[in-house]
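Shown below: input.cif, with mmCIF, C-alpha atoms and all ligand atoms.
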data_entry
loop_
_atom_site.label_atom_id
_atom_site.label_comp_id
_atom_site.auth_asym_id
_atom_site.auth_seq_id
_atom_site.Cartn_x
_atom_site.Cartn_y
_atom_site.Cartn_z
CA MET A 30 -11.55 -14.27 20.70
CA THR A 31 -8.35 -13.07 22.35
CA LEU A 32 -7.87 -9.32 22.22
CA HIS A 33 -4.88 -7.05 22.69
CA PRO A 34 -4.96 -5.98 26.37
CA ALA A 35 -5.46 -2.32 25.38
CA ILE A 36 -8.83 -3.19 23.84
CA ARG A 37 -10.99 -2.96 26.95
CA LYS A 38 -14.24 -1.41 28.08
CA ASP A 39 -12.82 1.41 30.18
CA ALA A 40 -10.70 2.90 27.42
CA VAL A 41 -11.07 5.09 24.36
CA ALA A 42 -10.10 4.18 20.79
CA VAL A 43 -9.15 7.21 18.70
CA VAL A 44 -9.26 6.51 14.96
CA THR A 45 -8.24 9.11 12.40
CA GLY A 46 -9.75 8.76 8.95
CA GLY A 47 -12.40 6.95 10.96
CA ALA A 48 -15.46 8.00 8.95
CA SER A 49 -14.81 5.57 6.11
CA GLY A 50 -13.14 2.40 4.92
CA ILE A 51 -10.51 0.68 7.02
CA GLY A 52 -10.71 3.22 9.86
CA LEU A 53 -14.45 2.86 10.26
CA ALA A 54 -14.26 -0.93 10.13
CA ALA A 55 -11.52 -0.94 12.79
CA ALA A 56 -13.52 1.51 14.92
CA ARG A 57 -16.47 -0.87 14.76
CA ARG A 58 -14.29 -3.70 16.04
CA PHE A 59 -12.91 -1.59 18.90
CA GLY A 60 -16.42 -0.37 19.76
CA SER A 61 -17.89 -3.88 19.63
CA ALA A 62 -15.32 -4.87 22.24
CA GLY A 63 -16.79 -2.18 24.51
CA MET A 64 -14.35 0.66 23.89
CA THR A 65 -15.60 4.22 23.56
CA VAL A 66 -14.82 5.33 20.03
CA LEU A 67 -13.63 8.75 18.91
CA LEU A 68 -13.66 9.13 15.13
CA ALA A 69 -11.62 11.95 13.61
CA ASP A 70 -12.09 12.84 9.98
CA LEU A 71 -12.13 15.70 7.50
CA ASP A 72 -15.49 14.73 6.12
CA GLU A 73 -18.12 15.97 8.58
CA ALA A 74 -21.16 14.54 6.76
CA ARG A 75 -19.57 11.12 6.64
CA LEU A 76 -18.56 11.46 10.30
CA ASP A 77 -22.20 12.00 11.29
CA GLU A 78 -23.26 8.97 9.28
CA ALA A 79 -20.50 6.84 10.77
CA VAL A 80 -21.38 7.85 14.34
CA ALA A 81 -25.07 7.06 13.69
CA ASP A 82 -24.12 3.77 12.08
CA LEU A 83 -21.97 2.71 15.04
CA GLY A 84 -24.62 3.96 17.48
CA ALA A 85 -27.19 1.71 15.81
CA ASP A 86 -24.94 -1.20 16.74
CA GLY A 87 -24.87 -0.08 20.38
CA ILE A 88 -21.39 1.47 20.14
CA THR A 89 -20.67 4.70 22.00
CA ALA A 90 -19.06 6.87 19.34
CA THR A 91 -18.25 10.54 18.93
CA GLY A 92 -17.19 12.26 15.72
CA PHE A 93 -14.68 15.07 15.74
CA ALA A 94 -14.01 17.15 12.63
CA THR A 95 -10.25 17.05 12.20
CA ASP A 96 -7.66 17.75 9.58
CA VAL A 97 -4.77 15.62 10.78
CA SER A 98 -2.30 17.79 8.92
CA ARG A 99 -3.14 20.68 11.27
CA ARG A 100 -1.41 20.30 14.57
CA ALA A 101 -3.97 22.49 16.37
CA ASN A 102 -6.74 20.13 15.21
CA ILE A 103 -4.90 17.17 16.69
CA VAL A 104 -4.34 19.02 19.96
CA ALA A 105 -8.11 19.68 20.08
CA LEU A 106 -8.75 16.01 19.29
CA LYS A 107 -6.58 15.02 22.25
CA GLU A 108 -8.59 17.32 24.53
CA GLU A 109 -11.80 15.72 23.28
CA ALA A 110 -10.34 12.26 23.93
CA ASP A 111 -9.41 13.30 27.48
CA ARG A 112 -13.06 14.23 28.09
CA LEU A 113 -14.09 10.72 27.09
CA GLY A 114 -11.55 8.72 29.11
CA PRO A 115 -8.06 7.26 28.96
CA VAL A 116 -6.83 6.39 25.48
CA GLY A 117 -6.21 2.68 24.94
CA VAL A 118 -5.86 2.66 21.16
CA LEU A 119 -4.58 5.39 18.88
CA MET A 120 -5.01 4.49 15.23
CA ASN A 121 -3.31 7.00 12.93
CA ASN A 122 -5.05 5.95 9.78
CA ALA A 123 -6.11 9.03 7.80
CA GLY A 124 -4.44 9.11 4.42
CA ARG A 125 -4.63 10.54 0.95
CA GLU A 126 -3.48 9.33 -2.45
CA GLY A 127 -2.88 11.23 -5.64
CA GLY A 128 0.47 12.81 -4.84
CA GLY A 129 1.62 11.93 -8.33
CA GLY A 130 5.10 11.73 -9.78
CA LEU A 131 8.32 13.48 -8.94
CA LEU A 132 7.46 16.62 -10.91
CA SER A 133 4.04 17.12 -9.32
CA GLY A 134 3.72 20.58 -7.86
CA PRO A 135 5.18 21.31 -4.44
CA GLU A 136 1.69 21.86 -3.01
CA VAL A 137 0.67 18.30 -3.93
CA TRP A 138 3.83 16.92 -2.36
CA ARG A 139 3.31 19.04 0.73
CA ASP A 140 -0.33 18.01 1.13
CA THR A 141 0.53 14.35 0.77
CA LEU A 142 3.37 14.48 3.28
CA GLU A 143 1.42 16.70 5.66
CA VAL A 144 -1.48 14.25 5.84
CA ASN A 145 0.23 10.87 5.53
CA LEU A 146 3.37 11.64 7.52
CA PHE A 147 2.94 14.80 9.58
CA GLY A 148 -0.62 13.78 10.47
CA VAL A 149 0.88 10.78 12.23
CA ILE A 150 3.74 12.76 13.79
CA HIS A 151 1.19 15.21 15.21
CA GLY A 152 -0.88 12.29 16.52
CA LEU A 153 2.09 10.67 18.22
CA GLN A 154 3.40 13.89 19.72
CA ALA A 155 -0.04 14.85 21.08
CA PHE A 156 -1.06 11.47 22.52
CA LEU A 157 2.15 9.64 23.38
CA PRO A 158 3.25 11.57 26.50
CA ASP A 159 0.03 10.69 28.39
CA ILE A 160 0.02 7.14 27.03
CA LEU A 161 3.57 6.73 28.34
CA SER A 162 2.86 8.21 31.76
CA ALA A 163 -0.38 6.26 32.29
CA ASP A 164 -0.14 2.93 34.03
CA ARG A 165 -2.33 0.99 31.57
CA PRO A 166 -1.97 -0.94 28.35
CA ALA A 167 -2.12 0.93 25.08
CA ALA A 168 -1.62 0.23 21.41
CA ILE A 169 -0.67 2.55 18.58
CA VAL A 170 -1.56 1.50 15.05
CA ASN A 171 -0.21 3.42 12.07
CA THR A 172 -1.71 2.57 8.69
CA GLY A 173 1.09 2.20 6.17
CA SER A 174 1.05 0.67 2.72
CA LYS A 175 2.83 -1.96 0.67
CA GLN A 176 3.63 0.95 -1.64
CA GLY A 177 5.81 2.33 1.15
CA ILE A 178 7.84 -0.89 1.06
CA THR A 179 8.06 -1.94 -2.59
CA LEU A 180 7.65 1.56 -4.14
CA PRO A 181 5.76 0.77 -7.38
CA PRO A 182 6.37 3.60 -9.88
CA GLY A 183 3.54 6.09 -10.31
CA ASP A 184 2.41 7.83 -7.14
CA THR A 185 5.87 8.77 -5.92
CA ALA A 186 4.69 11.24 -3.30
CA TYR A 187 2.40 8.64 -1.72
CA ASN A 188 5.19 6.04 -1.76
CA VAL A 189 7.62 8.45 -0.12
CA SER A 190 5.08 9.37 2.56
CA LYS A 191 4.34 5.73 3.39
CA ALA A 192 8.04 4.75 3.31
CA ALA A 193 8.72 7.51 5.83
CA LEU A 194 5.77 6.35 7.92
CA LYS A 195 7.24 2.84 8.01
CA ALA A 196 10.55 4.24 9.27
CA LEU A 197 8.74 6.39 11.83
CA THR A 198 6.68 3.47 13.12
CA GLU A 199 9.69 1.16 13.35
CA SER A 200 11.50 3.80 15.41
CA LEU A 201 8.42 4.20 17.59
CA ALA A 202 8.30 0.46 18.26
CA HIS A 203 11.94 0.52 19.30
CA ASP A 204 11.39 3.49 21.62
CA LEU A 205 8.46 1.67 23.22
CA LEU A 206 10.69 -1.23 24.33
CA ASP A 207 11.17 0.74 27.56
CA THR A 208 7.49 0.14 28.38
CA LYS A 209 8.21 -3.61 28.50
CA GLY A 210 5.23 -4.47 26.34
CA ARG A 211 2.70 -2.24 28.11
CA VAL A 212 2.50 0.01 25.06
CA THR A 213 2.82 -1.60 21.64
CA ALA A 214 3.17 -0.20 18.13
CA HIS A 215 1.81 -1.82 14.99
CA LEU A 216 2.31 -1.04 11.31
CA LEU A 217 -0.89 -2.02 9.52
CA ILE A 218 -0.06 -2.81 5.90
CA PRO A 219 -3.33 -3.31 4.02
CA GLY A 220 -3.48 -5.08 0.69
CA PHE A 221 -5.91 -3.94 -1.98
CA THR A 222 -9.01 -2.97 -0.01
CA PHE A 223 -12.36 -1.71 -1.32
CA THR A 224 -12.83 1.66 0.43
CA GLY A 225 -13.29 5.34 -0.30
CA PHE A 226 -9.86 5.20 -1.98
CA THR A 227 -11.21 2.73 -4.55
CA ARG A 228 -14.47 4.66 -4.98
CA ALA A 229 -12.49 7.85 -5.61
CA ARG A 230 -11.05 6.09 -8.67
CA GLY A 231 -14.61 5.63 -9.99
CA VAL A 232 -14.96 1.98 -8.93
CA THR A 233 -18.42 1.42 -7.46
CA GLU A 234 -18.45 -2.36 -6.86
CA LYS A 235 -15.92 -4.29 -4.83
CA PRO A 236 -13.36 -5.73 -7.29
CA ALA A 237 -12.93 -9.48 -6.91
CA GLY A 238 -9.28 -9.04 -5.95
CA ALA A 239 -9.98 -6.63 -3.12
CA TRP A 240 -10.59 -7.31 0.55
CA THR A 241 -13.28 -5.39 2.44
CA GLY A 242 -12.45 -2.99 5.25
CA ASP A 243 -14.01 -5.51 7.64
CA GLN A 244 -11.55 -8.20 6.54
CA VAL A 245 -8.66 -5.81 7.17
CA ALA A 246 -10.08 -4.88 10.58
CA ASP A 247 -10.41 -8.54 11.59
CA PHE A 248 -6.85 -9.20 10.43
CA LEU A 249 -5.67 -6.15 12.38
CA LEU A 250 -7.28 -7.27 15.63
CA ASP A 251 -5.80 -10.76 15.26
CA GLY A 252 -2.36 -9.29 14.56
CA MET A 253 -2.58 -6.95 17.53
CA ALA A 254 -3.64 -9.83 19.79
CA ALA A 255 -0.67 -11.86 18.55
CA GLY A 256 1.64 -8.93 19.33
CA ASP A 257 2.69 -8.55 15.69
CA PHE A 258 4.38 -5.32 14.67
CA TYR A 259 4.08 -5.82 10.90
CA ILE A 260 0.45 -6.60 10.19
CA LEU A 261 0.79 -7.50 6.52
CA CYS A 262 -2.61 -8.16 4.98
CA PRO A 263 -3.09 -10.32 1.93
CA ASP A 264 -6.02 -9.71 -0.41
CA ASN A 265 -7.93 -11.93 -2.82
CA GLU A 266 -5.16 -11.69 -5.43
CA VAL A 267 -1.93 -11.34 -3.52
CA THR A 268 -0.92 -13.98 -1.00
CA ARG A 269 1.48 -13.44 1.86
CA GLU A 270 4.00 -15.60 0.03
CA THR A 271 3.84 -13.32 -3.03
CA ASP A 272 4.26 -10.23 -0.85
CA LEU A 273 7.30 -11.74 0.86
CA LYS A 274 8.89 -12.56 -2.49
CA ARG A 275 8.30 -9.02 -3.77
CA MET A 276 9.84 -7.56 -0.61
CA ARG A 277 12.83 -9.91 -0.76
CA TRP A 278 13.39 -8.93 -4.39
CA GLY A 279 13.26 -5.24 -3.48
CA MET A 280 15.84 -5.70 -0.71
CA GLY A 281 17.87 -7.78 -3.19
CA ASP A 282 18.33 -4.67 -5.36
CA ILE A 283 20.76 -3.39 -2.73
CA ILE A 284 22.33 -6.74 -1.89
CA GLU A 285 22.82 -7.78 -5.53
CA ASN A 286 23.71 -4.24 -6.72
CA ARG A 287 20.86 -4.19 -9.23
CA PRO A 288 19.33 -0.93 -10.54
CA ALA A 289 16.77 0.74 -8.28
CA LEU A 290 13.26 -0.69 -8.57
CA SER A 291 14.59 -3.45 -10.82
CA ARG A 292 11.24 -5.23 -10.52
CA TRP A 293 9.96 -2.67 -13.04
CA HIS A 294 13.20 -2.39 -15.07
CA PRO A 295 12.76 -3.91 -18.55
CA ASP A 296 16.15 -5.69 -18.40
CA TYR A 297 15.19 -7.41 -15.16
CA ALA A 298 11.57 -8.28 -15.94
CA PRO A 299 12.34 -11.89 -17.02
CA ALA A 300 14.50 -12.52 -13.95
CA PHE A 301 11.84 -11.10 -11.64
CA ARG A 302 9.14 -13.19 -13.30
CA ALA A 303 11.24 -16.34 -13.00
CA TYR A 304 11.92 -15.54 -9.34
CA THR A 305 8.25 -15.08 -8.49
CA GLU A 306 7.26 -18.23 -10.36
CA ARG A 307 9.87 -20.34 -8.53
CA ASP A 308 8.67 -22.33 -5.50
CA GLY A 309 9.83 -21.13 -2.11
N1 LIG A 401 -7.71 1.02 0.31
C1 LIG A 401 -6.53 0.48 0.06
O1 LIG A 401 -6.39 -0.35 -0.87
C2 LIG A 401 -5.34 0.85 0.92
C3 LIG A 401 -4.16 0.11 0.72
C4 LIG A 401 -3.06 0.43 1.50
C5 LIG A 401 -3.14 1.44 2.45
N2 LIG A 401 -4.32 2.13 2.63
C6 LIG A 401 -4.35 3.16 3.66
O2 LIG A 401 -5.47 2.96 4.48
C7 LIG A 401 -5.79 4.19 5.13
C8 LIG A 401 -7.29 4.37 5.15
O3 LIG A 401 -7.74 4.55 3.82
P1 LIG A 401 -9.03 3.79 3.23
O4 LIG A 401 -8.55 2.87 2.18
O5 LIG A 401 -9.87 3.27 4.32
O6 LIG A 401 -9.73 5.01 2.44
P2 LIG A 401 -11.02 5.89 2.78
O7 LIG A 401 -11.01 6.98 1.78
O8 LIG A 401 -12.22 5.01 2.85
O9 LIG A 401 -10.70 6.47 4.23
C9 LIG A 401 -9.75 7.48 4.44
C10 LIG A 401 -10.39 8.52 5.34
O10 LIG A 401 -9.37 9.47 5.68
C11 LIG A 401 -9.98 10.74 5.69
N3 LIG A 401 -8.99 11.80 5.55
C12 LIG A 401 -8.27 12.11 4.43
N4 LIG A 401 -7.49 13.16 4.68
C13 LIG A 401 -7.69 13.51 5.98
C14 LIG A 401 -7.18 14.52 6.82
N5 LIG A 401 -6.30 15.43 6.36
N6 LIG A 401 -7.61 14.58 8.11
C15 LIG A 401 -8.52 13.70 8.56
N7 LIG A 401 -9.06 12.72 7.81
C16 LIG A 401 -8.65 12.63 6.52
C17 LIG A 401 -10.98 10.72 4.53
O11 LIG A 401 -11.97 11.72 4.67
C18 LIG A 401 -11.54 9.30 4.66
O12 LIG A 401 -12.70 9.27 5.46
C19 LIG A 401 -5.01 5.29 4.40
O13 LIG A 401 -3.92 5.70 5.20
C20 LIG A 401 -4.50 4.57 3.15
O14 LIG A 401 -3.28 5.12 2.70
C21 LIG A 401 -5.42 1.84 1.88
#

Go ahead and express the file in the form of structure tokens.
Amino acid sequence: MTLHPAIRKDAVAVVTGGASGIGLAAARRFGSAGMTVLLADLDEARLDEAVADLGADGITATGFATDVSRRANIVALKEEADRLGPVGVLMNNAGREGGGGLLSGPEVWRDTLEVNLFGVIHGLQAFLPDILSADRPAAIVNTGSKQGITLPPGDTAYNVSKAALKALTESLAHDLLDTKGRVTAHLLIPGFTFTGFTRARGVTEKPAGAWTGDQVADFLLDGMAAGDFYILCPDNEVTRETDLKRMRWGMGDIIENRPALSRWHPDYAPAFRAYTERDG
């Protein structure tokens, strides 16, 4: 299997939100390729389990208790990474849901933005200078969401955080052009994936429509190897074609001067349905 050049034995993979779900599955892939793995997560008990789990598979892994929303924690994480070796992969993946609607309290909004957006800004600002000055390949993966692109009504704070993360990651990719491909950025856009997020909603068995974290991790490594920036995962219900149609429709709101989020506007429901049912 071809791998992104940053995935190599003499380098460290730092994965935030790495004790569970997509982060843990990705860490396993990086570790299986011989990288030293540094897992950062809030949940210390789960971190210990994850490190033991990876260790049982022969992966060298360290857990580091981290709240990504706290800049000092990320600075300490960087120091820990430096003890382990040069960083090849930085995966800013920790995230939280449950921001709620527009009128949710300011503390909920702040927490959501501080984890999902500032957590990544802290990660980039702490790790990027050394990644840029090193003379070796590196990859930065930020875990976004389809909700940050199509903005389904409901969890507005989450959508806003992931929309901002998309903008941040796109700007990062542009800034990295100066490295002439030595350092690459990737926006991982998972579909519906059975993880701690799903379990937190009381779901204990993988829903048929969901992918597993392992499927997302495999898709991520393939996308990174192909040099893709947008790593847009399908799931067992939503195909890539459906995702592309939904995104085109969303962009069409501006182009066609439709109301915002017309996909969910009662007057536009028939037109949206007809559009998605049309071939091509
Ligand atoms: N599961 C899905 O369907 C789905 C879909 C789209 C995007 N995502 C994104 O995938 C990423 C990973 O989530 P997951 O689905 O694997 O869920 P998960 O709950 O299994 O993993 C998230 C991990 O992040 C950790 N975390 C939360 N806040 C943190 C903080 N402040 N500092 C450090 N760690 C923190 C949690 O403890 C947890 O271990 C998130 O960014 C999420 O938004 C998930």

(Q) Any residue with an atom at most 6 Å from ligand LIG 401 (chain A) counts, using all atoms listed in the file. Which are they? Put them as a count of residues only. (A) 31

Quick one: axis-aligned box around all listed atoms of range 266-280 of chain A, 5 Å on every side, centre and edge lengths in Å to one decimal, written as JSON.
{"center_x": 5.3, "center_y": -10.4, "center_z": -1.8, "size_x": 31.0, "size_y": 20.4, "size_z": 17.3}

(Q) Can you tell me which residues surround Asp39 in chain A at a distance of at most 10 Å, considering all atoms listed in the file, apart from same-chain residues fewer than 2 positions away, and format the answer as a VMD selection string? (A) chain A and resid 35 to 37 41 63 to 65 113 to 117

(Q) Between A:Ala155, A:Ala237, A:Leu68, A:Ile283, which residue has the minimum interatomic distance to Asp264 in chain A, considering only C-alpha atoms? (A) A:Ala237

Q. In terms of the shortest atom-to-atom distance over all atoms listed in the file, which of A:Thr185, A:Thr227, A:Ser291, A:Thr208 is closest to Thr141 in chain A?
A. A:Thr185

Please return range 60-89 of chain A, rebuilt to N, CA and C atoms, as a PDB file, keeping the file's coordinate frame.
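After the write, selection_23.pdb holds the following:
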ATOM      1  N   GLY A  60     -15.172  -0.697  19.069  1.00  0.00           N
ATOM      2  CA  GLY A  60     -16.420  -0.370  19.760  1.00  0.00           C
ATOM      3  C   GLY A  60     -17.186  -1.623  20.163  1.00  0.00           C
ATOM      4  N   SER A  61     -17.177  -2.635  19.311  1.00  0.00           N
ATOM      5  CA  SER A  61     -17.890  -3.880  19.630  1.00  0.00           C
ATOM      6  C   SER A  61     -17.269  -4.574  20.836  1.00  0.00           C
ATOM      7  N   ALA A  62     -15.985  -4.301  21.060  1.00  0.00           N
ATOM      8  CA  ALA A  62     -15.320  -4.870  22.240  1.00  0.00           C
ATOM      9  C   ALA A  62     -15.569  -4.003  23.476  1.00  0.00           C
ATOM     10  N   GLY A  63     -16.395  -2.981  23.346  1.00  0.00           N
ATOM     11  CA  GLY A  63     -16.790  -2.180  24.510  1.00  0.00           C
ATOM     12  C   GLY A  63     -16.035  -0.872  24.662  1.00  0.00           C
ATOM     13  N   MET A  64     -15.085  -0.611  23.768  1.00  0.00           N
ATOM     14  CA  MET A  64     -14.350   0.660  23.890  1.00  0.00           C
ATOM     15  C   MET A  64     -15.252   1.831  23.471  1.00  0.00           C
ATOM     16  N   THR A  65     -14.984   2.991  24.049  1.00  0.00           N
ATOM     17  CA  THR A  65     -15.600   4.220  23.560  1.00  0.00           C
ATOM     18  C   THR A  65     -14.808   4.656  22.341  1.00  0.00           C
ATOM     19  N   VAL A  66     -15.511   5.047  21.288  1.00  0.00           N
ATOM     20  CA  VAL A  66     -14.820   5.330  20.030  1.00  0.00           C
ATOM     21  C   VAL A  66     -14.862   6.821  19.719  1.00  0.00           C
ATOM     22  N   LEU A  67     -13.717   7.342  19.350  1.00  0.00           N
ATOM     23  CA  LEU A  67     -13.630   8.750  18.910  1.00  0.00           C
ATOM     24  C   LEU A  67     -13.125   8.732  17.462  1.00  0.00           C
ATOM     25  N   LEU A  68     -14.014   9.109  16.556  1.00  0.00           N
ATOM     26  CA  LEU A  68     -13.660   9.130  15.130  1.00  0.00           C
ATOM     27  C   LEU A  68     -13.222  10.533  14.744  1.00  0.00           C
ATOM     28  N   ALA A  69     -12.091  10.648  14.094  1.00  0.00           N
ATOM     29  CA  ALA A  69     -11.620  11.950  13.610  1.00  0.00           C
ATOM     30  C   ALA A  69     -11.548  11.890  12.107  1.00  0.00           C
ATOM     31  N   ASP A  70     -12.126  12.856  11.445  1.00  0.00           N
ATOM     32  CA  ASP A  70     -12.090  12.840   9.980  1.00  0.00           C
ATOM     33  C   ASP A  70     -12.361  14.244   9.443  1.00  0.00           C
ATOM     34  N   LEU A  71     -11.883  14.450   8.232  1.00  0.00           N
ATOM     35  CA  LEU A  71     -12.130  15.700   7.500  1.00  0.00           C
ATOM     36  C   LEU A  71     -13.594  15.852   7.128  1.00  0.00           C
ATOM     37  N   ASP A  72     -14.186  14.734   6.766  1.00  0.00           N
ATOM     38  CA  ASP A  72     -15.490  14.730   6.120  1.00  0.00           C
ATOM     39  C   ASP A  72     -16.594  14.699   7.183  1.00  0.00           C
ATOM     40  N   GLU A  73     -17.184  15.873   7.460  1.00  0.00           N
ATOM     41  CA  GLU A  73     -18.120  15.970   8.580  1.00  0.00           C
ATOM     42  C   GLU A  73     -19.417  15.197   8.317  1.00  0.00           C
ATOM     43  N   ALA A  74     -19.902  15.241   7.064  1.00  0.00           N
ATOM     44  CA  ALA A  74     -21.160  14.540   6.760  1.00  0.00           C
ATOM     45  C   ALA A  74     -20.964  13.044   6.971  1.00  0.00           C
ATOM     46  N   ARG A  75     -19.818  12.550   6.498  1.00  0.00           N
ATOM     47  CA  ARG A  75     -19.570  11.120   6.640  1.00  0.00           C
ATOM     48  C   ARG A  75     -19.335  10.748   8.111  1.00  0.00           C
ATOM     49  N   LEU A  76     -18.750  11.695   8.857  1.00  0.00           N
ATOM     50  CA  LEU A  76     -18.560  11.460  10.300  1.00  0.00           C
ATOM     51  C   LEU A  76     -19.896  11.235  10.991  1.00  0.00           C
ATOM     52  N   ASP A  77     -20.869  12.121  10.664  1.00  0.00           N
ATOM     53  CA  ASP A  77     -22.200  12.000  11.290  1.00  0.00           C
ATOM     54  C   ASP A  77     -22.821  10.652  10.959  1.00  0.00           C
ATOM     55  N   GLU A  78     -22.700  10.269   9.682  1.00  0.00           N
ATOM     56  CA  GLU A  78     -23.260   8.970   9.280  1.00  0.00           C
ATOM     57  C   GLU A  78     -22.582   7.825  10.022  1.00  0.00           C
ATOM     58  N   ALA A  79     -21.258   7.923  10.134  1.00  0.00           N
ATOM     59  CA  ALA A  79     -20.500   6.840  10.770  1.00  0.00           C
ATOM     60  C   ALA A  79     -20.876   6.724  12.250  1.00  0.00           C
ATOM     61  N   VAL A  80     -21.022   7.867  12.912  1.00  0.00           N
ATOM     62  CA  VAL A  80     -21.380   7.850  14.340  1.00  0.00           C
ATOM     63  C   VAL A  80     -22.775   7.231  14.514  1.00  0.00           C
ATOM     64  N   ALA A  81     -23.710   7.604  13.614  1.00  0.00           N
ATOM     65  CA  ALA A  81     -25.070   7.060  13.690  1.00  0.00           C
ATOM     66  C   ALA A  81     -25.045   5.548  13.430  1.00  0.00           C
ATOM     67  N   ASP A  82     -24.246   5.179  12.462  1.00  0.00           N
ATOM     68  CA  ASP A  82     -24.120   3.770  12.080  1.00  0.00           C
ATOM     69  C   ASP A  82     -23.576   2.929  13.253  1.00  0.00           C
ATOM     70  N   LEU A  83     -22.539   3.437  13.897  1.00  0.00           N
ATOM     71  CA  LEU A  83     -21.970   2.710  15.040  1.00  0.00           C
ATOM     72  C   LEU A  83     -22.963   2.702  16.196  1.00  0.00           C
ATOM     73  N   GLY A  84     -23.643   3.850  16.384  1.00  0.00           N
ATOM     74  CA  GLY A  84     -24.620   3.960  17.480  1.00  0.00           C
ATOM     75  C   GLY A  84     -25.735   2.936  17.316  1.00  0.00           C
ATOM     76  N   ALA A  85     -26.122   2.691  16.061  1.00  0.00           N
ATOM     77  CA  ALA A  85     -27.190   1.710  15.810  1.00  0.00           C
ATOM     78  C   ALA A  85     -26.762   0.309  16.226  1.00  0.00           C
ATOM     79  N   ASP A  86     -25.460   0.094  16.285  1.00  0.00           N
ATOM     80  CA  ASP A  86     -24.940  -1.200  16.740  1.00  0.00           C
ATOM     81  C   ASP A  86     -24.624  -1.185  18.244  1.00  0.00           C
ATOM     82  N   GLY A  87     -25.072  -0.144  18.927  1.00  0.00           N
ATOM     83  CA  GLY A  87     -24.870  -0.080  20.380  1.00  0.00           C
ATOM     84  C   GLY A  87     -23.487   0.404  20.784  1.00  0.00           C
ATOM     85  N   ILE A  88     -22.756   1.004  19.835  1.00  0.00           N
ATOM     86  CA  ILE A  88     -21.390   1.470  20.140  1.00  0.00           C
ATOM     87  C   ILE A  88     -21.438   2.945  20.531  1.00  0.00           C
ATOM     88  N   THR A  89     -20.745   3.301  21.593  1.00  0.00           N
ATOM     89  CA  THR A  89     -20.670   4.700  22.000  1.00  0.00           C
ATOM     90  C   THR A  89     -19.590   5.368  21.163  1.00  0.00           C
TER      91      THR A  89
END
